[in-house]
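Everything below belongs to target-v2.txt, which stores compact mmCIF, N, CA and C atoms.
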```txt
# COMPACT_ATOMS: atom_id res chain seq x y z
N MET Z 350 31.13 20.13 59.87
CA MET Z 350 32.13 19.50 60.70
C MET Z 350 31.53 18.21 61.29
N GLU Z 351 32.29 17.18 61.18
CA GLU Z 351 31.78 15.91 61.69
C GLU Z 351 32.17 15.66 63.14
N THR Z 352 33.27 16.28 63.57
CA THR Z 352 33.70 16.08 64.96
C THR Z 352 34.19 17.40 65.53
N ASP Z 353 34.26 17.45 66.86
CA ASP Z 353 34.83 18.63 67.51
C ASP Z 353 36.30 18.79 67.13
N GLN Z 354 37.01 17.68 66.98
CA GLN Z 354 38.42 17.75 66.62
C GLN Z 354 38.60 18.35 65.23
N ALA Z 355 37.74 17.96 64.28
CA ALA Z 355 37.82 18.53 62.93
C ALA Z 355 37.57 20.04 62.97
N ALA Z 356 36.59 20.46 63.76
CA ALA Z 356 36.29 21.89 63.89
C ALA Z 356 37.49 22.62 64.50
N LEU Z 357 38.10 22.02 65.51
CA LEU Z 357 39.28 22.63 66.13
C LEU Z 357 40.43 22.72 65.15
N ASP Z 358 40.64 21.68 64.35
CA ASP Z 358 41.70 21.69 63.34
C ASP Z 358 41.47 22.81 62.32
N TYR Z 359 40.24 22.95 61.85
CA TYR Z 359 39.93 24.02 60.90
C TYR Z 359 40.14 25.39 61.53
N ALA Z 360 39.70 25.54 62.77
CA ALA Z 360 39.86 26.83 63.47
C ALA Z 360 41.34 27.16 63.64
N ARG Z 361 42.14 26.19 64.02
CA ARG Z 361 43.59 26.43 64.17
C ARG Z 361 44.23 26.80 62.83
N ALA Z 362 43.81 26.12 61.76
CA ALA Z 362 44.35 26.44 60.44
C ALA Z 362 43.98 27.85 60.03
N TYR Z 363 42.75 28.25 60.29
CA TYR Z 363 42.31 29.60 59.94
C TYR Z 363 43.09 30.65 60.72
N VAL Z 364 43.25 30.43 62.03
CA VAL Z 364 44.01 31.38 62.85
C VAL Z 364 45.46 31.43 62.38
N ALA Z 365 46.06 30.29 62.10
CA ALA Z 365 47.45 30.27 61.65
C ALA Z 365 47.62 30.99 60.31
N SER Z 366 46.62 30.86 59.42
CA SER Z 366 46.74 31.51 58.11
C SER Z 366 46.55 33.01 58.18
N ARG Z 367 46.00 33.52 59.28
CA ARG Z 367 45.79 34.96 59.44
C ARG Z 367 46.66 35.57 60.54
N ALA Z 368 47.63 34.83 61.03
CA ALA Z 368 48.44 35.30 62.16
C ALA Z 368 49.36 36.46 61.80
N GLU Z 369 49.87 36.45 60.59
CA GLU Z 369 50.77 37.51 60.14
C GLU Z 369 49.98 38.57 59.39
N THR Z 370 50.18 39.83 59.75
CA THR Z 370 49.48 40.90 59.06
C THR Z 370 50.24 41.31 57.81
N SER Z 371 49.52 41.82 56.84
CA SER Z 371 50.13 42.32 55.62
C SER Z 371 49.15 43.29 54.97
N VAL Z 372 49.61 43.96 53.93
CA VAL Z 372 48.73 44.84 53.17
C VAL Z 372 47.67 43.97 52.52
N ARG Z 373 46.42 44.42 52.60
CA ARG Z 373 45.32 43.62 52.08
C ARG Z 373 44.69 44.28 50.86
N CYS Z 374 44.07 43.46 50.06
CA CYS Z 374 43.22 43.92 48.96
C CYS Z 374 41.89 43.23 49.18
N ASP Z 375 40.92 43.94 49.75
CA ASP Z 375 39.65 43.34 50.12
C ASP Z 375 38.70 43.12 48.95
N PHE Z 376 38.82 43.93 47.91
CA PHE Z 376 37.98 43.72 46.74
C PHE Z 376 38.60 44.41 45.53
N ILE Z 377 38.15 43.96 44.37
CA ILE Z 377 38.52 44.64 43.13
C ILE Z 377 37.21 45.00 42.42
N GLU Z 378 37.24 46.10 41.71
CA GLU Z 378 36.05 46.56 41.00
C GLU Z 378 36.37 46.67 39.52
N LEU Z 379 35.53 46.08 38.70
CA LEU Z 379 35.67 46.16 37.25
C LEU Z 379 34.54 47.02 36.71
N ASP Z 380 34.89 48.09 36.01
CA ASP Z 380 33.89 48.96 35.38
C ASP Z 380 33.74 48.49 33.94
N LEU Z 381 32.67 47.77 33.67
CA LEU Z 381 32.50 47.16 32.36
C LEU Z 381 32.08 48.15 31.28
N TYR Z 382 31.85 49.40 31.65
CA TYR Z 382 31.57 50.44 30.66
C TYR Z 382 32.85 51.13 30.18
N THR Z 383 33.99 50.72 30.68
CA THR Z 383 35.26 51.29 30.24
C THR Z 383 35.49 50.93 28.77
N PRO Z 384 35.80 51.92 27.92
CA PRO Z 384 36.04 51.61 26.51
C PRO Z 384 37.20 50.63 26.32
N ASN Z 385 37.07 49.75 25.35
CA ASN Z 385 38.11 48.78 24.98
C ASN Z 385 38.57 47.94 26.17
N TYR Z 386 37.61 47.46 26.95
CA TYR Z 386 37.92 46.73 28.19
C TYR Z 386 37.53 45.26 28.06
N ASP Z 387 37.92 44.64 26.95
CA ASP Z 387 37.55 43.25 26.71
C ASP Z 387 38.05 42.32 27.80
N ALA Z 388 39.27 42.54 28.28
CA ALA Z 388 39.83 41.67 29.31
C ALA Z 388 39.00 41.73 30.59
N GLY Z 389 38.54 42.91 30.96
CA GLY Z 389 37.71 43.06 32.15
C GLY Z 389 36.36 42.37 32.00
N ILE Z 390 35.78 42.47 30.82
CA ILE Z 390 34.48 41.82 30.58
C ILE Z 390 34.64 40.31 30.64
N VAL Z 391 35.69 39.79 30.02
CA VAL Z 391 35.94 38.34 30.06
C VAL Z 391 36.16 37.89 31.50
N ALA Z 392 36.94 38.65 32.28
CA ALA Z 392 37.18 38.30 33.69
C ALA Z 392 35.87 38.31 34.47
N ALA Z 393 35.03 39.31 34.24
CA ALA Z 393 33.76 39.40 34.97
C ALA Z 393 32.87 38.21 34.67
N LEU Z 394 32.94 37.69 33.47
CA LEU Z 394 32.11 36.54 33.09
C LEU Z 394 32.71 35.21 33.50
N ASP Z 395 34.04 35.11 33.55
CA ASP Z 395 34.70 33.83 33.79
C ASP Z 395 35.02 33.53 35.25
N LEU Z 396 35.28 34.57 36.08
CA LEU Z 396 35.73 34.32 37.45
C LEU Z 396 34.62 33.72 38.30
N GLU Z 397 34.98 32.75 39.13
CA GLU Z 397 34.05 32.08 40.02
C GLU Z 397 34.63 32.04 41.42
N PHE Z 398 33.80 31.67 42.38
CA PHE Z 398 34.25 31.55 43.75
C PHE Z 398 35.46 30.62 43.84
N PHE Z 399 36.45 31.03 44.62
CA PHE Z 399 37.67 30.30 44.92
C PHE Z 399 38.68 30.31 43.77
N ASP Z 400 38.38 30.98 42.66
CA ASP Z 400 39.37 31.11 41.60
C ASP Z 400 40.55 31.94 42.11
N PRO Z 401 41.77 31.52 41.83
CA PRO Z 401 42.93 32.33 42.21
C PRO Z 401 43.14 33.46 41.22
N ILE Z 402 43.54 34.62 41.73
CA ILE Z 402 43.87 35.76 40.87
C ILE Z 402 45.15 36.40 41.40
N THR Z 403 45.84 37.12 40.54
CA THR Z 403 47.00 37.90 40.96
C THR Z 403 46.66 39.36 40.78
N VAL Z 404 46.79 40.13 41.86
CA VAL Z 404 46.51 41.56 41.83
C VAL Z 404 47.84 42.29 41.93
N ILE Z 405 48.11 43.18 40.98
CA ILE Z 405 49.33 43.98 40.98
C ILE Z 405 48.92 45.45 40.94
N THR Z 406 49.36 46.22 41.93
CA THR Z 406 49.04 47.65 41.97
C THR Z 406 50.31 48.45 42.17
N THR Z 407 50.28 49.68 41.69
CA THR Z 407 51.38 50.61 41.92
C THR Z 407 51.00 51.48 43.11
N GLN Z 408 51.86 51.49 44.12
CA GLN Z 408 51.61 52.23 45.35
C GLN Z 408 52.19 53.64 45.25
N PRO Z 409 51.73 54.54 46.13
CA PRO Z 409 52.36 55.86 46.16
C PRO Z 409 53.87 55.71 46.39
N GLY Z 410 54.65 56.46 45.67
CA GLY Z 410 56.10 56.35 45.76
C GLY Z 410 56.69 55.45 44.69
N GLY Z 411 55.83 54.76 43.93
CA GLY Z 411 56.32 53.97 42.81
C GLY Z 411 56.54 52.50 43.08
N SER Z 412 56.41 52.03 44.33
CA SER Z 412 56.59 50.61 44.59
C SER Z 412 55.36 49.85 44.10
N THR Z 413 55.53 48.57 43.87
CA THR Z 413 54.41 47.75 43.43
C THR Z 413 54.07 46.72 44.49
N LEU Z 414 52.81 46.37 44.52
CA LEU Z 414 52.31 45.35 45.44
C LEU Z 414 51.71 44.25 44.58
N GLU Z 415 52.15 43.03 44.82
CA GLU Z 415 51.62 41.88 44.09
C GLU Z 415 51.10 40.86 45.09
N LYS Z 416 49.84 40.47 44.96
CA LYS Z 416 49.23 39.52 45.88
C LYS Z 416 48.52 38.44 45.08
N THR Z 417 48.65 37.20 45.53
CA THR Z 417 47.86 36.10 45.00
C THR Z 417 46.68 35.90 45.94
N LEU Z 418 45.48 36.05 45.40
CA LEU Z 418 44.26 36.02 46.21
C LEU Z 418 43.28 35.05 45.59
N GLN Z 419 42.15 34.85 46.30
CA GLN Z 419 41.06 34.05 45.78
C GLN Z 419 39.79 34.88 45.78
N ILE Z 420 38.91 34.57 44.84
CA ILE Z 420 37.60 35.21 44.79
C ILE Z 420 36.70 34.57 45.84
N PHE Z 421 36.13 35.40 46.73
CA PHE Z 421 35.25 34.89 47.78
C PHE Z 421 33.86 35.50 47.73
N GLY Z 422 33.60 36.38 46.78
CA GLY Z 422 32.27 36.96 46.66
C GLY Z 422 32.20 37.82 45.41
N VAL Z 423 30.98 38.05 44.95
CA VAL Z 423 30.77 38.88 43.76
C VAL Z 423 29.47 39.65 43.93
N SER Z 424 29.50 40.91 43.49
CA SER Z 424 28.28 41.70 43.45
C SER Z 424 28.30 42.55 42.20
N ASN Z 425 27.12 42.84 41.70
CA ASN Z 425 26.97 43.65 40.50
C ASN Z 425 26.18 44.91 40.85
N VAL Z 426 26.63 46.04 40.34
CA VAL Z 426 25.92 47.30 40.48
C VAL Z 426 25.60 47.76 39.07
N ILE Z 427 24.32 47.67 38.71
CA ILE Z 427 23.91 47.98 37.35
C ILE Z 427 22.90 49.12 37.37
N THR Z 428 23.19 50.14 36.61
CA THR Z 428 22.26 51.26 36.43
C THR Z 428 22.10 51.46 34.92
N PRO Z 429 21.22 52.35 34.49
CA PRO Z 429 21.05 52.54 33.05
C PRO Z 429 22.35 52.95 32.33
N ASN Z 430 23.29 53.59 33.04
CA ASN Z 430 24.51 54.06 32.39
C ASN Z 430 25.79 53.47 32.96
N SER Z 431 25.69 52.39 33.73
CA SER Z 431 26.90 51.79 34.28
C SER Z 431 26.68 50.32 34.58
N PHE Z 432 27.79 49.59 34.62
CA PHE Z 432 27.77 48.18 34.99
C PHE Z 432 29.09 47.91 35.67
N LYS Z 433 29.06 47.76 36.98
CA LYS Z 433 30.27 47.49 37.75
C LYS Z 433 30.14 46.14 38.44
N VAL Z 434 31.23 45.38 38.38
CA VAL Z 434 31.29 44.09 39.05
C VAL Z 434 32.35 44.21 40.13
N MET Z 435 31.99 43.86 41.37
CA MET Z 435 32.93 43.91 42.48
C MET Z 435 33.17 42.50 42.99
N PHE Z 436 34.43 42.11 43.02
CA PHE Z 436 34.82 40.80 43.54
C PHE Z 436 35.43 40.98 44.92
N THR Z 437 34.87 40.30 45.91
CA THR Z 437 35.48 40.25 47.23
C THR Z 437 36.64 39.28 47.16
N THR Z 438 37.79 39.70 47.68
CA THR Z 438 38.99 38.86 47.61
C THR Z 438 39.54 38.62 49.02
N LEU Z 439 40.13 37.47 49.19
CA LEU Z 439 40.81 37.11 50.43
C LEU Z 439 42.04 36.29 50.09
N GLU Z 440 42.99 36.30 51.00
CA GLU Z 440 44.11 35.39 50.83
C GLU Z 440 43.60 33.98 51.10
N PRO Z 441 44.17 33.00 50.43
CA PRO Z 441 43.72 31.62 50.66
C PRO Z 441 43.80 31.28 52.14
N VAL Z 442 42.79 30.54 52.62
CA VAL Z 442 42.77 30.17 54.04
C VAL Z 442 43.97 29.33 54.39
N ILE Z 443 44.28 28.36 53.56
CA ILE Z 443 45.45 27.51 53.78
C ILE Z 443 46.37 27.67 52.58
N ASP Z 444 47.57 28.13 52.83
CA ASP Z 444 48.55 28.23 51.75
C ASP Z 444 49.19 26.87 51.56
N GLY Z 445 49.30 26.46 50.32
CA GLY Z 445 49.95 25.20 50.02
C GLY Z 445 51.22 25.45 49.24
N PHE Z 446 51.75 24.43 48.68
CA PHE Z 446 52.96 24.57 47.87
C PHE Z 446 52.58 24.91 46.44
N ILE Z 447 53.11 26.00 45.94
CA ILE Z 447 52.93 26.39 44.55
C ILE Z 447 54.34 26.46 43.96
N ILE Z 448 54.63 25.56 43.07
CA ILE Z 448 55.97 25.47 42.51
C ILE Z 448 56.37 26.82 41.90
N GLY Z 449 57.56 27.30 42.28
CA GLY Z 449 58.07 28.54 41.73
C GLY Z 449 57.58 29.79 42.44
N ASN Z 450 56.83 29.65 43.54
CA ASN Z 450 56.31 30.82 44.26
C ASN Z 450 56.74 30.72 45.71
N VAL Z 451 57.73 31.52 46.13
CA VAL Z 451 58.27 31.42 47.48
C VAL Z 451 57.30 31.94 48.53
N ASP Z 452 56.25 32.68 48.13
CA ASP Z 452 55.27 33.18 49.09
C ASP Z 452 54.38 32.07 49.63
N TYR Z 453 54.29 30.95 48.93
CA TYR Z 453 53.37 29.89 49.33
C TYR Z 453 54.07 28.58 49.64
N GLY Z 454 55.28 28.64 50.10
CA GLY Z 454 55.98 27.44 50.53
C GLY Z 454 57.05 27.00 49.57
N VAL Z 455 58.15 26.53 50.12
CA VAL Z 455 59.27 26.05 49.33
C VAL Z 455 59.50 24.60 49.71
N LEU Z 456 59.56 23.72 48.70
CA LEU Z 456 59.81 22.31 48.98
C LEU Z 456 61.12 22.14 49.73
N ASP Z 457 61.14 21.21 50.68
CA ASP Z 457 62.29 20.90 51.52
C ASP Z 457 62.57 21.98 52.57
N GLN Z 458 61.77 23.04 52.64
CA GLN Z 458 61.97 24.07 53.64
C GLN Z 458 60.74 24.33 54.50
N ASN Z 459 59.55 24.10 53.96
CA ASN Z 459 58.31 24.39 54.67
C ASN Z 459 57.50 23.12 54.89
N VAL Z 460 56.53 23.19 55.76
CA VAL Z 460 55.70 22.04 56.08
C VAL Z 460 54.27 22.32 55.63
N LEU Z 461 53.65 21.35 54.97
CA LEU Z 461 52.26 21.47 54.57
C LEU Z 461 51.41 20.74 55.61
N SER Z 462 50.64 21.51 56.39
CA SER Z 462 49.83 20.89 57.43
C SER Z 462 48.74 21.84 57.86
N TYR Z 463 47.88 21.36 58.73
CA TYR Z 463 46.93 22.22 59.42
C TYR Z 463 46.68 21.66 60.80
```

Would it be possible to restate this file's structure as structure tokens?
Amino acid sequence: METDQAALDYARAYVASRAETSVRCDFIELDLYTPNYDAGIVAALDLEFFDPITVITTQPGGSTLEKTLQIFGVSNVITPNSFKVMFTTLEPVIDGFIIGNVDYGVLDQNVLSY
């Protein structure tokens, strides 16, 4: 931070982006020893910090949860008989406009600011 005002602006943006509560997905785990799991292996090798991902899960009762998240951390747990990759996920700190996605702002209806 170069100025106190910049730090305050970032702090306000962070608080505003976390003001509304929702169901969270704090991490995803990929078990790379799963048979025929080419997509998981490619994801484990390709994903980097701040990459956006879409997580879709089926909840008890049959409803689905879909979240657009970012990768904020990675850890590997490797033993002689297993290889698991865990990605820490968070919602983007600042949501911007993503064309065609009403969860992240609609042109002419929302304001892009911090």

Which of these, Z:Val423, Z:Glu415, Z:Gln354, Z:Asn385, has the shortest distance to Glu397 in chain Z once you count all atoms listed in the file?
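Among the listed residues, Z:Val423 lies closest to Glu397 in chain Z.
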
Around (41.4, 42.1, 41.7), as given in the file, which residues come within 8 Å? Count only N, CA and C atoms and list them as an NGL selection string.
:Z and (374-379 or 402-405 or 436-438)

Enumerate as number ranges by chain all residues of range 354-430 of chain Z assigned to strand (DSSP E) by DSSP on the backbone, naming them with the chain letters and numbers the document uses.
Z: 376-380, 401-407, 413-428

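Using only C-alpha atoms for every distance, the candidate list Z:Glu369, Z:Asp358, Z:Asp380, Z:Asp353 yields Z:Asp380 as the residue closest to Asn430 in chain Z.
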
Measure the distance from CA of Phe421 in chain Z to atom N of Leu439 in chain Z in Å and round it to one decimal.
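Going from CA of Phe421 in chain Z over to atom N of Leu439 in chain Z, I get 5.7 Å.
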
Using Å and a single decimal, report how far CA of Pro384 in chain Z sits from atom N of Ser431 in chain Z.
12.6 Å

If I take CA of Val434 in chain Z and CA of Thr407 in chain Z, how far is one from the other in Å, to one decimal?
21.3 Å
